[in-house]
Amino acid sequence: MLLWVGLGNPEPGMARQRHNIGFMALDRIADRHRFSPWRSRFKGLVAEGMIGGHKILALKPMTYMNASGESVQAASAFFKIPPGDITAFHDELDLVPGKVRVKMGGGAAGHNGLRSMDRQLGTQDYHRVRLGIGHPGHKDRVTGHVLGDFAKVDQDWLASLLDAVADAAPMLAAGTPEAFMTRVALLTQDAS
């Protein structure tokens, strides 16, 4: 079983914020691949499904970003899922909007959700799907940017990105992140 974690904040008023793109990606994947309905478990919402012959447990922590690791640790401990089979989908300031990069391990780079996961799992050795939201240009504007809603002008590239991530998910499940990134790039190349 693979554990795919979307990082975000649970308040309904936060649903369209850039910081919640991890939730958005997981919602699109679960919908596209006909996962079970979301239900409360492990201090979060979980849905289960199959992608490319791999069983996936999708998890959206409802603990707020700063404590996401509590939910992830509870689910991974219950199902005995090792860190190498965990993938976090999260917003990434250092990528232009709509770009995706996948990597294994690394630092939290100031991302409180990743920092919480590192702390609770006791390791940084899990996969990250970094979803580009762009940088506002100055560090003083980061909080407002991240916690701000996606603008109307962002809707086309955002929808294209979320669709592409869902379409390419079988490649991610198969453990071929390069193919996943290539497929997402091809599917989003015309989005603006």
# chains A, B, ... in the order shown; residues from 1 in each chain; ligands from 1

$ residues_around --residues "Gly175 in chain A" --least-positions-apart "4" --cutoff "12 Å" --atoms "only C-alpha atoms" --output "ChimeraX atom specification"
/A:2,51-52,54,84-87,102-104,127,168-171,179-181

$ residues_around --residues "range 32-40 of chain A" --least-positions-apart "2" --cutoff "9 Å" --atoms "only C-alpha atoms" --output "PyMOL selection string"
chain A and resi 27-30+42-51+56+58-59+163+166-167

$ write_last_selection --atoms "N, CA and C atoms" --output "PDB file, in the first residue's frame"
ATOM      1  N   ASP A  27      -7.728  15.524  -4.169  1.00  0.00           N
ATOM      2  CA  ASP A  27      -9.151  15.453  -4.511  1.00  0.00           C
ATOM      3  C   ASP A  27      -9.337  15.068  -5.976  1.00  0.00           C
ATOM      4  N   ARG A  28      -8.543  15.676  -6.859  1.00  0.00           N
ATOM      5  CA  ARG A  28      -8.679  15.392  -8.291  1.00  0.00           C
ATOM      6  C   ARG A  28      -8.272  13.954  -8.594  1.00  0.00           C
ATOM      7  N   ILE A  29      -7.196  13.483  -7.967  1.00  0.00           N
ATOM      8  CA  ILE A  29      -6.753  12.093  -8.160  1.00  0.00           C
ATOM      9  C   ILE A  29      -7.841  11.122  -7.680  1.00  0.00           C
ATOM     10  N   ALA A  30      -8.364  11.352  -6.467  1.00  0.00           N
ATOM     11  CA  ALA A  30      -9.378  10.465  -5.893  1.00  0.00           C
ATOM     12  C   ALA A  30     -10.636  10.437  -6.759  1.00  0.00           C
ATOM     13  N   PHE A  42      -7.574   8.836  11.430  1.00  0.00           N
ATOM     14  CA  PHE A  42      -6.183   9.279  11.619  1.00  0.00           C
ATOM     15  C   PHE A  42      -6.045  10.800  11.670  1.00  0.00           C
ATOM     16  N   LYS A  43      -6.973  11.473  12.347  1.00  0.00           N
ATOM     17  CA  LYS A  43      -6.960  12.945  12.430  1.00  0.00           C
ATOM     18  C   LYS A  43      -7.000  13.576  11.040  1.00  0.00           C
ATOM     19  N   GLY A  44      -7.662  12.916  10.119  1.00  0.00           N
ATOM     20  CA  GLY A  44      -7.743  13.419   8.756  1.00  0.00           C
ATOM     21  C   GLY A  44      -8.914  12.801   8.029  1.00  0.00           C
ATOM     22  N   LEU A  45      -8.929  13.013   6.721  1.00  0.00           N
ATOM     23  CA  LEU A  45      -9.894  12.378   5.842  1.00  0.00           C
ATOM     24  C   LEU A  45      -9.133  11.403   4.963  1.00  0.00           C
ATOM     25  N   VAL A  46      -9.652  10.187   4.828  1.00  0.00           N
ATOM     26  CA  VAL A  46      -8.999   9.176   4.011  1.00  0.00           C
ATOM     27  C   VAL A  46      -9.960   8.655   2.945  1.00  0.00           C
ATOM     28  N   ALA A  47      -9.376   8.260   1.824  1.00  0.00           N
ATOM     29  CA  ALA A  47     -10.097   7.590   0.743  1.00  0.00           C
ATOM     30  C   ALA A  47      -9.138   6.537   0.195  1.00  0.00           C
ATOM     31  N   GLU A  48      -9.683   5.423  -0.269  1.00  0.00           N
ATOM     32  CA  GLU A  48      -8.839   4.351  -0.789  1.00  0.00           C
ATOM     33  C   GLU A  48      -9.184   4.075  -2.239  1.00  0.00           C
ATOM     34  N   GLY A  49      -8.181   3.634  -2.983  1.00  0.00           N
ATOM     35  CA  GLY A  49      -8.403   3.302  -4.381  1.00  0.00           C
ATOM     36  C   GLY A  49      -7.231   2.546  -4.966  1.00  0.00           C
ATOM     37  N   MET A  50      -7.392   2.176  -6.213  1.00  0.00           N
ATOM     38  CA  MET A  50      -6.344   1.478  -6.953  1.00  0.00           C
ATOM     39  C   MET A  50      -5.945   2.346  -8.138  1.00  0.00           C
ATOM     40  N   ILE A  51      -4.641   2.455  -8.333  1.00  0.00           N
ATOM     41  CA  ILE A  51      -4.111   3.164  -9.501  1.00  0.00           C
ATOM     42  C   ILE A  51      -3.016   2.287 -10.086  1.00  0.00           C
ATOM     43  N   ILE A  56      -3.746   2.537  -3.063  1.00  0.00           N
ATOM     44  CA  ILE A  56      -3.386   3.868  -2.568  1.00  0.00           C
ATOM     45  C   ILE A  56      -4.318   4.253  -1.426  1.00  0.00           C
ATOM     46  N   ALA A  58      -5.272   7.606   0.264  1.00  0.00           N
ATOM     47  CA  ALA A  58      -5.165   9.061   0.156  1.00  0.00           C
ATOM     48  C   ALA A  58      -5.524   9.655   1.514  1.00  0.00           C
ATOM     49  N   LEU A  59      -4.729  10.607   1.981  1.00  0.00           N
ATOM     50  CA  LEU A  59      -4.924  11.213   3.292  1.00  0.00           C
ATOM     51  C   LEU A  59      -4.823  12.726   3.201  1.00  0.00           C
ATOM     52  N   ASP A 163      -5.631  18.338 -13.486  1.00  0.00           N
ATOM     53  CA  ASP A 163      -6.028  17.265 -14.408  1.00  0.00           C
ATOM     54  C   ASP A 163      -4.820  16.435 -14.826  1.00  0.00           C
ATOM     55  N   ALA A 166      -3.606  14.116 -12.068  1.00  0.00           N
ATOM     56  CA  ALA A 166      -4.507  12.960 -11.948  1.00  0.00           C
ATOM     57  C   ALA A 166      -4.301  11.982 -13.105  1.00  0.00           C
ATOM     58  N   ASP A 167      -4.155  12.507 -14.319  1.00  0.00           N
ATOM     59  CA  ASP A 167      -3.957  11.641 -15.484  1.00  0.00           C
ATOM     60  C   ASP A 167      -2.643  10.877 -15.417  1.00  0.00           C
TER      61      ASP A 167
END

$ residues_around --residues "Leu93 in chain A" --least-positions-apart "3" --cutoff "6 Å" --atoms "only C-alpha atoms" --output "PyMOL selection string"
chain A and resi 133-135

$ write_last_selection --atoms "C-alpha atoms" --output "PDB file, in the first residue's frame"
ATOM      1  CA  ILE A 133       2.631  28.265  -7.005  1.00  0.00           C
ATOM      2  CA  GLY A 134       5.320  30.855  -7.739  1.00  0.00           C
ATOM      3  CA  HIS A 135       7.005  33.333  -5.434  1.00  0.00           C
TER       4      HIS A 135
END

$ select_by_dssp --residues "range 27-168 of chain A" --states "helix (DSSP H, G or I)" --output "ChimeraX atom specification"
/A:27-32,65-79,83-85,112-121,139-146,152-168

$ write_last_selection --atoms "C-alpha atoms" --output "PDB file, in the first residue's frame"
ATOM      1  CA  ASP A  27      -9.151  15.453  -4.511  1.00  0.00           C
ATOM      2  CA  ARG A  28      -8.679  15.392  -8.291  1.00  0.00           C
ATOM      3  CA  ILE A  29      -6.753  12.093  -8.160  1.00  0.00           C
ATOM      4  CA  ALA A  30      -9.378  10.465  -5.893  1.00  0.00           C
ATOM      5  CA  ASP A  31     -12.197  11.668  -8.134  1.00  0.00           C
ATOM      6  CA  ARG A  32     -10.532  10.678 -11.416  1.00  0.00           C
ATOM      7  CA  MET A  65      -0.595  22.438   8.172  1.00  0.00           C
ATOM      8  CA  ASN A  66       1.691  22.859  11.198  1.00  0.00           C
ATOM      9  CA  ALA A  67       0.605  19.493  12.652  1.00  0.00           C
ATOM     10  CA  SER A  68       0.126  17.465   9.439  1.00  0.00           C
ATOM     11  CA  GLY A  69       2.731  14.952  10.546  1.00  0.00           C
ATOM     12  CA  GLU A  70       0.509  13.722  13.397  1.00  0.00           C
ATOM     13  CA  SER A  71      -2.054  12.451  10.908  1.00  0.00           C
ATOM     14  CA  VAL A  72       0.581  11.028   8.549  1.00  0.00           C
ATOM     15  CA  GLN A  73       2.394   9.230  11.362  1.00  0.00           C
ATOM     16  CA  ALA A  74      -0.846   7.694  12.674  1.00  0.00           C
ATOM     17  CA  ALA A  75      -1.836   6.332   9.249  1.00  0.00           C
ATOM     18  CA  SER A  76       1.647   5.083   8.367  1.00  0.00           C
ATOM     19  CA  ALA A  77       2.046   3.368  11.758  1.00  0.00           C
ATOM     20  CA  PHE A  78      -1.369   1.683  11.572  1.00  0.00           C
ATOM     21  CA  PHE A  79      -0.760   0.256   8.090  1.00  0.00           C
ATOM     22  CA  PRO A  83       8.575   6.342   4.592  1.00  0.00           C
ATOM     23  CA  GLY A  84       9.723   5.290   1.109  1.00  0.00           C
ATOM     24  CA  ASP A  85       6.085   4.464   0.253  1.00  0.00           C
ATOM     25  CA  ASN A 112       5.510  23.798   7.935  1.00  0.00           C
ATOM     26  CA  GLY A 113       3.639  20.734   6.679  1.00  0.00           C
ATOM     27  CA  LEU A 114       6.876  19.063   5.563  1.00  0.00           C
ATOM     28  CA  ARG A 115       8.598  20.134   8.775  1.00  0.00           C
ATOM     29  CA  SER A 116       5.820  18.460  10.803  1.00  0.00           C
ATOM     30  CA  MET A 117       6.085  15.278   8.707  1.00  0.00           C
ATOM     31  CA  ASP A 118       9.872  15.192   9.167  1.00  0.00           C
ATOM     32  CA  ARG A 119       9.458  15.546  12.908  1.00  0.00           C
ATOM     33  CA  GLN A 120       6.703  12.926  13.284  1.00  0.00           C
ATOM     34  CA  LEU A 121       8.181  10.363  10.889  1.00  0.00           C
ATOM     35  CA  LYS A 139       9.946  37.394   1.483  1.00  0.00           C
ATOM     36  CA  ASP A 140       7.669  39.846   3.317  1.00  0.00           C
ATOM     37  CA  ARG A 141       4.861  38.945   0.911  1.00  0.00           C
ATOM     38  CA  VAL A 142       5.189  35.141   1.192  1.00  0.00           C
ATOM     39  CA  THR A 143       2.605  34.565   3.945  1.00  0.00           C
ATOM     40  CA  GLY A 144      -0.078  36.596   2.187  1.00  0.00           C
ATOM     41  CA  HIS A 145       0.709  34.885  -1.117  1.00  0.00           C
ATOM     42  CA  VAL A 146       0.595  31.352   0.274  1.00  0.00           C
ATOM     43  CA  LYS A 152      -9.122  34.252 -11.479  1.00  0.00           C
ATOM     44  CA  VAL A 153      -6.165  34.481 -13.872  1.00  0.00           C
ATOM     45  CA  ASP A 154      -4.718  31.311 -12.290  1.00  0.00           C
ATOM     46  CA  GLN A 155      -7.760  29.118 -12.909  1.00  0.00           C
ATOM     47  CA  ASP A 156      -6.792  27.831 -16.382  1.00  0.00           C
ATOM     48  CA  TRP A 157      -3.289  26.676 -15.486  1.00  0.00           C
ATOM     49  CA  LEU A 158      -4.478  25.344 -12.106  1.00  0.00           C
ATOM     50  CA  ALA A 159      -7.231  23.202 -13.658  1.00  0.00           C
ATOM     51  CA  SER A 160      -4.819  21.974 -16.323  1.00  0.00           C
ATOM     52  CA  LEU A 161      -2.204  21.095 -13.694  1.00  0.00           C
ATOM     53  CA  LEU A 162      -4.636  19.222 -11.431  1.00  0.00           C
ATOM     54  CA  ASP A 163      -6.028  17.265 -14.408  1.00  0.00           C
ATOM     55  CA  ALA A 164      -2.514  16.397 -15.586  1.00  0.00           C
ATOM     56  CA  VAL A 165      -1.435  15.215 -12.123  1.00  0.00           C
ATOM     57  CA  ALA A 166      -4.507  12.960 -11.948  1.00  0.00           C
ATOM     58  CA  ASP A 167      -3.957  11.641 -15.484  1.00  0.00           C
ATOM     59  CA  ALA A 168      -0.267  10.893 -14.849  1.00  0.00           C
TER      60      ALA A 168
END

$ closest_residue --among "A:Arg128, A:His111, A:Lys55, A:Lys60" --to "Pro177 in chain A" --atoms "only C-alpha atoms"
A:Arg128

$ residues_around --residues "range 9-13 of chain A" --least-positions-apart "3" --cutoff "7 Å" --atoms "only C-alpha atoms" --output "ChimeraX atom specification"
/A:20,62,64-65

$ write_last_selection --atoms "C-alpha atoms" --output "PDB file, in the first residue's frame"
ATOM      1  CA  ASN A  20      -4.122  23.986  -0.204  1.00  0.00           C
ATOM      2  CA  MET A  62      -7.357  17.857   9.237  1.00  0.00           C
ATOM      3  CA  TYR A  64      -3.833  22.236  10.100  1.00  0.00           C
ATOM      4  CA  MET A  65      -0.595  22.438   8.172  1.00  0.00           C
TER       5      MET A  65
END

$ select_by_dssp --residues "range 129-164 of chain A" --states "strand (DSSP E or B)" --output "list in words"
Val129, Arg130, Leu131, Gly132 and Asp149 of chain A

$ write_last_selection --atoms "C-alpha atoms" --output "compact mmCIF listing (two decimals), in the first residue's frame"
# COMPACT_ATOMS: atom_id res chain seq x y z
CA VAL A 129 5.37 16.14 -5.35
CA ARG A 130 6.23 19.84 -5.43
CA LEU A 131 3.41 21.82 -7.07
CA GLY A 132 4.57 25.24 -8.22
CA ASP A 149 -6.77 32.38 -2.82

$ atom_distance --atom1 "CA of Arg183 in chain A" --atom2 "CA of Thr123 in chain A"
29.1 Å

$ atom_distance --atom1 "CA of Pro61 in chain A" --atom2 "CA of Val5 in chain A"
7.7 Å
